[in-house]
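Visitor: my_file_12.txt is reproduced below (compact mmCIF, N, CA and C atoms).
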```txt
# COMPACT_ATOMS: atom_id res chain seq x y z
N MET A 1486 -102.97 1.50 96.03
CA MET A 1486 -103.98 1.09 96.99
C MET A 1486 -103.93 -0.43 97.16
N THR A 1487 -104.11 -0.87 98.38
CA THR A 1487 -104.10 -2.30 98.65
C THR A 1487 -105.53 -2.85 98.62
N VAL A 1488 -105.63 -4.15 98.44
CA VAL A 1488 -106.94 -4.80 98.41
C VAL A 1488 -107.67 -4.57 99.73
N GLN A 1489 -106.95 -4.56 100.84
CA GLN A 1489 -107.58 -4.39 102.15
C GLN A 1489 -108.20 -3.01 102.29
N ALA A 1490 -107.76 -2.04 101.49
CA ALA A 1490 -108.30 -0.68 101.59
C ALA A 1490 -109.63 -0.53 100.84
N ILE A 1491 -110.02 -1.53 100.07
CA ILE A 1491 -111.27 -1.47 99.31
C ILE A 1491 -112.41 -1.96 100.20
N VAL A 1492 -113.42 -1.13 100.38
CA VAL A 1492 -114.50 -1.41 101.33
C VAL A 1492 -115.82 -1.59 100.58
N PRO A 1493 -116.58 -2.66 100.86
CA PRO A 1493 -117.89 -2.81 100.22
C PRO A 1493 -118.92 -1.85 100.82
N SER A 1494 -119.73 -1.28 99.96
CA SER A 1494 -120.84 -0.45 100.43
C SER A 1494 -121.90 -1.35 101.06
N ASP A 1495 -122.88 -0.75 101.72
CA ASP A 1495 -123.99 -1.53 102.28
C ASP A 1495 -124.70 -2.30 101.18
N HIS A 1496 -124.89 -1.65 100.04
CA HIS A 1496 -125.55 -2.30 98.90
C HIS A 1496 -124.73 -3.51 98.44
N ALA A 1497 -123.42 -3.35 98.32
CA ALA A 1497 -122.56 -4.46 97.89
C ALA A 1497 -122.60 -5.61 98.89
N ARG A 1498 -122.60 -5.28 100.19
CA ARG A 1498 -122.69 -6.34 101.21
C ARG A 1498 -123.99 -7.13 101.08
N GLU A 1499 -125.07 -6.41 100.83
CA GLU A 1499 -126.36 -7.08 100.65
C GLU A 1499 -126.33 -7.99 99.41
N ARG A 1500 -125.78 -7.49 98.31
CA ARG A 1500 -125.69 -8.31 97.10
C ARG A 1500 -124.78 -9.52 97.33
N MET A 1501 -123.71 -9.34 98.07
CA MET A 1501 -122.84 -10.47 98.38
C MET A 1501 -123.62 -11.54 99.15
N ARG A 1502 -124.38 -11.11 100.13
CA ARG A 1502 -125.18 -12.05 100.91
C ARG A 1502 -126.20 -12.76 100.02
N GLN A 1503 -126.90 -12.01 99.19
CA GLN A 1503 -127.93 -12.58 98.33
C GLN A 1503 -127.36 -13.54 97.29
N ARG A 1504 -126.16 -13.24 96.81
CA ARG A 1504 -125.59 -13.98 95.69
C ARG A 1504 -124.52 -14.99 96.10
N GLY A 1505 -124.34 -15.18 97.40
CA GLY A 1505 -123.40 -16.18 97.88
C GLY A 1505 -121.94 -15.86 97.58
N ILE A 1506 -121.60 -14.59 97.64
CA ILE A 1506 -120.23 -14.15 97.37
C ILE A 1506 -119.57 -13.82 98.70
N ARG A 1507 -118.45 -14.47 98.97
CA ARG A 1507 -117.74 -14.28 100.24
C ARG A 1507 -116.69 -13.17 100.10
N PRO A 1508 -116.33 -12.52 101.21
CA PRO A 1508 -115.29 -11.49 101.15
C PRO A 1508 -113.98 -12.00 100.56
N GLU A 1509 -113.62 -13.24 100.87
CA GLU A 1509 -112.38 -13.79 100.32
C GLU A 1509 -112.46 -13.99 98.81
N ASP A 1510 -113.68 -14.16 98.27
CA ASP A 1510 -113.85 -14.24 96.82
C ASP A 1510 -113.47 -12.91 96.17
N LEU A 1511 -113.83 -11.81 96.83
CA LEU A 1511 -113.46 -10.49 96.29
C LEU A 1511 -111.96 -10.27 96.34
N VAL A 1512 -111.30 -10.78 97.36
CA VAL A 1512 -109.84 -10.65 97.44
C VAL A 1512 -109.21 -11.32 96.23
N VAL A 1513 -109.66 -12.53 95.90
CA VAL A 1513 -109.14 -13.24 94.73
C VAL A 1513 -109.42 -12.43 93.47
N LEU A 1514 -110.63 -11.90 93.36
CA LEU A 1514 -110.99 -11.09 92.19
C LEU A 1514 -110.07 -9.89 92.06
N PHE A 1515 -109.86 -9.16 93.13
CA PHE A 1515 -109.04 -7.95 93.07
C PHE A 1515 -107.57 -8.27 92.80
N GLU A 1516 -107.10 -9.41 93.27
CA GLU A 1516 -105.69 -9.76 93.06
C GLU A 1516 -105.42 -10.37 91.69
N HIS A 1517 -106.41 -11.06 91.11
CA HIS A 1517 -106.17 -11.79 89.87
C HIS A 1517 -107.06 -11.35 88.71
N GLY A 1518 -108.00 -10.45 88.96
CA GLY A 1518 -108.91 -10.03 87.91
C GLY A 1518 -108.36 -8.91 87.04
N ALA A 1519 -109.06 -8.66 85.95
CA ALA A 1519 -108.73 -7.56 85.04
C ALA A 1519 -109.50 -6.32 85.47
N TRP A 1520 -108.82 -5.19 85.51
CA TRP A 1520 -109.42 -3.93 85.92
C TRP A 1520 -109.69 -3.10 84.68
N PHE A 1521 -110.91 -2.60 84.56
CA PHE A 1521 -111.32 -1.81 83.40
C PHE A 1521 -111.95 -0.52 83.89
N ARG A 1522 -111.34 0.61 83.55
CA ARG A 1522 -111.86 1.90 84.01
C ARG A 1522 -112.94 2.40 83.06
N GLN A 1523 -114.04 2.85 83.66
CA GLN A 1523 -115.12 3.49 82.93
C GLN A 1523 -115.30 4.88 83.52
N SER A 1524 -116.08 5.70 82.87
CA SER A 1524 -116.27 7.07 83.36
C SER A 1524 -116.95 7.11 84.73
N ASN A 1525 -117.78 6.12 85.02
CA ASN A 1525 -118.52 6.11 86.29
C ASN A 1525 -117.94 5.15 87.33
N GLY A 1526 -116.75 4.62 87.09
CA GLY A 1526 -116.15 3.73 88.06
C GLY A 1526 -115.24 2.71 87.41
N GLU A 1527 -114.90 1.68 88.15
CA GLU A 1527 -114.04 0.61 87.64
C GLU A 1527 -114.77 -0.71 87.72
N VAL A 1528 -114.56 -1.54 86.71
CA VAL A 1528 -115.13 -2.88 86.67
C VAL A 1528 -113.96 -3.86 86.82
N VAL A 1529 -114.15 -4.85 87.68
CA VAL A 1529 -113.13 -5.89 87.86
C VAL A 1529 -113.80 -7.23 87.55
N TYR A 1530 -113.17 -8.00 86.69
CA TYR A 1530 -113.74 -9.29 86.28
C TYR A 1530 -112.58 -10.20 85.87
N PHE A 1531 -112.87 -11.45 85.62
CA PHE A 1531 -111.84 -12.38 85.18
C PHE A 1531 -111.87 -12.49 83.67
N ASP A 1532 -110.79 -12.07 83.03
CA ASP A 1532 -110.66 -12.24 81.59
C ASP A 1532 -110.11 -13.65 81.34
N ARG A 1533 -109.74 -13.93 80.12
CA ARG A 1533 -109.29 -15.28 79.77
C ARG A 1533 -108.10 -15.72 80.61
N SER A 1534 -107.10 -14.86 80.76
CA SER A 1534 -105.93 -15.26 81.55
C SER A 1534 -106.28 -15.38 83.03
N GLY A 1535 -107.19 -14.56 83.52
CA GLY A 1535 -107.64 -14.67 84.90
C GLY A 1535 -108.35 -15.98 85.16
N LYS A 1536 -109.18 -16.38 84.21
CA LYS A 1536 -109.88 -17.67 84.34
C LYS A 1536 -108.90 -18.83 84.33
N GLN A 1537 -107.83 -18.69 83.55
CA GLN A 1537 -106.81 -19.73 83.51
C GLN A 1537 -106.12 -19.83 84.89
N ARG A 1538 -105.83 -18.69 85.51
CA ARG A 1538 -105.22 -18.71 86.85
C ARG A 1538 -106.18 -19.34 87.86
N LEU A 1539 -107.47 -19.04 87.73
CA LEU A 1539 -108.46 -19.64 88.63
C LEU A 1539 -108.43 -21.16 88.52
N ARG A 1540 -108.36 -21.67 87.30
CA ARG A 1540 -108.31 -23.13 87.10
C ARG A 1540 -107.09 -23.71 87.80
N GLN A 1541 -105.95 -23.04 87.68
CA GLN A 1541 -104.72 -23.52 88.32
C GLN A 1541 -104.86 -23.53 89.84
N MET A 1542 -105.64 -22.61 90.38
CA MET A 1542 -105.83 -22.53 91.83
C MET A 1542 -107.00 -23.38 92.31
N GLY A 1543 -107.74 -23.99 91.37
CA GLY A 1543 -108.90 -24.80 91.74
C GLY A 1543 -110.10 -23.96 92.14
N LEU A 1544 -110.20 -22.75 91.61
CA LEU A 1544 -111.29 -21.83 91.97
C LEU A 1544 -112.16 -21.46 90.77
N GLU A 1545 -112.42 -22.44 89.92
CA GLU A 1545 -113.19 -22.18 88.71
C GLU A 1545 -114.56 -21.58 88.99
N ARG A 1546 -115.10 -21.84 90.18
CA ARG A 1546 -116.45 -21.34 90.50
C ARG A 1546 -116.51 -19.82 90.50
N LEU A 1547 -115.35 -19.16 90.60
CA LEU A 1547 -115.33 -17.69 90.63
C LEU A 1547 -115.19 -17.07 89.23
N ALA A 1548 -115.14 -17.88 88.19
CA ALA A 1548 -114.83 -17.39 86.85
C ALA A 1548 -115.76 -16.29 86.36
N TRP A 1549 -116.98 -16.27 86.81
CA TRP A 1549 -117.96 -15.29 86.30
C TRP A 1549 -118.25 -14.17 87.30
N LEU A 1550 -117.44 -14.08 88.34
CA LEU A 1550 -117.62 -13.03 89.36
C LEU A 1550 -117.15 -11.68 88.82
N TYR A 1551 -117.85 -10.62 89.18
CA TYR A 1551 -117.41 -9.27 88.84
C TYR A 1551 -117.76 -8.32 89.98
N ALA A 1552 -117.10 -7.17 89.97
CA ALA A 1552 -117.39 -6.11 90.94
C ALA A 1552 -117.29 -4.77 90.23
N ILE A 1553 -118.12 -3.85 90.67
CA ILE A 1553 -118.06 -2.48 90.17
C ILE A 1553 -117.68 -1.59 91.34
N LEU A 1554 -116.62 -0.80 91.14
CA LEU A 1554 -116.09 0.06 92.19
C LEU A 1554 -116.35 1.52 91.86
N SER A 1555 -116.27 2.34 92.88
CA SER A 1555 -116.41 3.78 92.72
C SER A 1555 -115.28 4.30 91.82
N PRO A 1556 -115.46 5.50 91.26
CA PRO A 1556 -114.41 6.05 90.38
C PRO A 1556 -113.04 6.12 91.07
N GLU A 1557 -113.02 6.33 92.37
CA GLU A 1557 -111.76 6.38 93.10
C GLU A 1557 -111.19 4.99 93.34
N GLY A 1558 -112.00 3.95 93.14
CA GLY A 1558 -111.56 2.57 93.35
C GLY A 1558 -111.47 2.17 94.80
N GLU A 1559 -112.10 2.92 95.69
CA GLU A 1559 -112.00 2.63 97.12
C GLU A 1559 -113.22 1.92 97.69
N THR A 1560 -114.34 1.99 96.98
CA THR A 1560 -115.60 1.41 97.48
C THR A 1560 -116.19 0.48 96.44
N VAL A 1561 -116.58 -0.72 96.87
CA VAL A 1561 -117.30 -1.64 95.99
C VAL A 1561 -118.75 -1.19 95.97
N ILE A 1562 -119.25 -0.88 94.79
CA ILE A 1562 -120.63 -0.43 94.66
C ILE A 1562 -121.58 -1.61 94.58
N THR A 1563 -121.22 -2.61 93.76
CA THR A 1563 -122.05 -3.81 93.65
C THR A 1563 -121.19 -4.96 93.16
N VAL A 1564 -121.68 -6.17 93.33
CA VAL A 1564 -121.01 -7.38 92.88
C VAL A 1564 -122.05 -8.33 92.29
N GLY A 1565 -121.59 -9.24 91.47
CA GLY A 1565 -122.53 -10.20 90.90
C GLY A 1565 -121.81 -11.25 90.08
N TRP A 1566 -122.61 -12.04 89.38
CA TRP A 1566 -122.11 -13.11 88.52
C TRP A 1566 -122.46 -12.74 87.09
N ARG A 1567 -121.46 -12.74 86.19
CA ARG A 1567 -121.69 -12.45 84.78
C ARG A 1567 -122.45 -13.61 84.15
N ARG A 1568 -123.22 -13.26 83.14
CA ARG A 1568 -123.91 -14.28 82.35
C ARG A 1568 -123.61 -13.99 80.89
N GLY A 1569 -122.81 -14.85 80.28
CA GLY A 1569 -122.37 -14.58 78.92
C GLY A 1569 -121.47 -13.36 78.92
N ASN A 1570 -121.72 -12.42 78.04
CA ASN A 1570 -120.91 -11.21 77.98
C ASN A 1570 -121.52 -10.07 78.76
N LYS A 1571 -122.60 -10.31 79.49
CA LYS A 1571 -123.31 -9.24 80.18
C LYS A 1571 -123.12 -9.31 81.68
N MET A 1572 -123.08 -8.15 82.28
CA MET A 1572 -123.02 -8.06 83.73
C MET A 1572 -124.39 -7.59 84.19
N HIS A 1573 -125.04 -8.37 85.01
CA HIS A 1573 -126.38 -8.02 85.48
C HIS A 1573 -126.27 -7.15 86.71
N LEU A 1574 -126.81 -5.97 86.63
CA LEU A 1574 -126.62 -4.97 87.68
C LEU A 1574 -127.85 -4.73 88.51
N HIS A 1575 -128.77 -5.66 88.59
CA HIS A 1575 -129.94 -5.43 89.42
C HIS A 1575 -129.85 -6.14 90.72
```
Using structure tokens, write down the structure that the file contains.
Guide:
Amino acid sequence: MTVQAIVPSDHARERMRQRGIRPEDLVVLFEHGAWFRQSNGEVVYFDRSGKQRLRQMGLERLAWLYAILSPEGETVITVGWRRGNKMHLH
């Protein structure tokens, strides 16, 4: 599946608007982030090596960005900014 095939849900679009996350930020996340499969979907975030790549690209501001996708990986359910080791899902 390509990054362009991943579509944000209405809820994810609203969270992006509220949290100042641009569509191009998600492209960077999907291309350079770590993908972690859970029973209820997939989580994409920047691990240590991802954060290092962000620094090289001058995009450190995205270091705490994450997204949760549907189990099929085709729909973004929600997005947000991590705080410490926790992902805030409200």
Visitor: Taking only N, CA and C atoms into account, which of A:Met1501, A:Ser1534, A:Arg1540, A:Val1528 comes nearest Ile1553 of chain A?
Guide: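 Comparing A:Met1501, A:Ser1534, A:Arg1540, A:Val1528 against Ile1553 of chain A, the winner is A:Val1528.
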Visitor: Atom CA of Ala1548 of chain A to atom CA of His1496 of chain A: how many Å, to one decimal?
Guide: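 Computed distance, atom CA of Ala1548 of chain A to atom CA of His1496 of chain A, equals 22.1 Å.
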Visitor: Report, in Å with one decimal, the straight-line distance from atom C of Glu1545 of chain A to atom N of Trp1520 of chain A.
Guide: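 The value is 17.7 Å.
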Visitor: Distance atom N of Ile1491 of chain A-atom C of Gly1526 of chain A, one decimal place?
Guide: 14.3 Å
Visitor: Between A:Val1492, A:Val1529, A:Leu1544, A:Ala1497, which residue has the minimum interatomic distance to Thr1563 of chain A, considering only N, CA and C atoms?
Guide: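 Closest to Thr1563 of chain A of all the choices is A:Ala1497.
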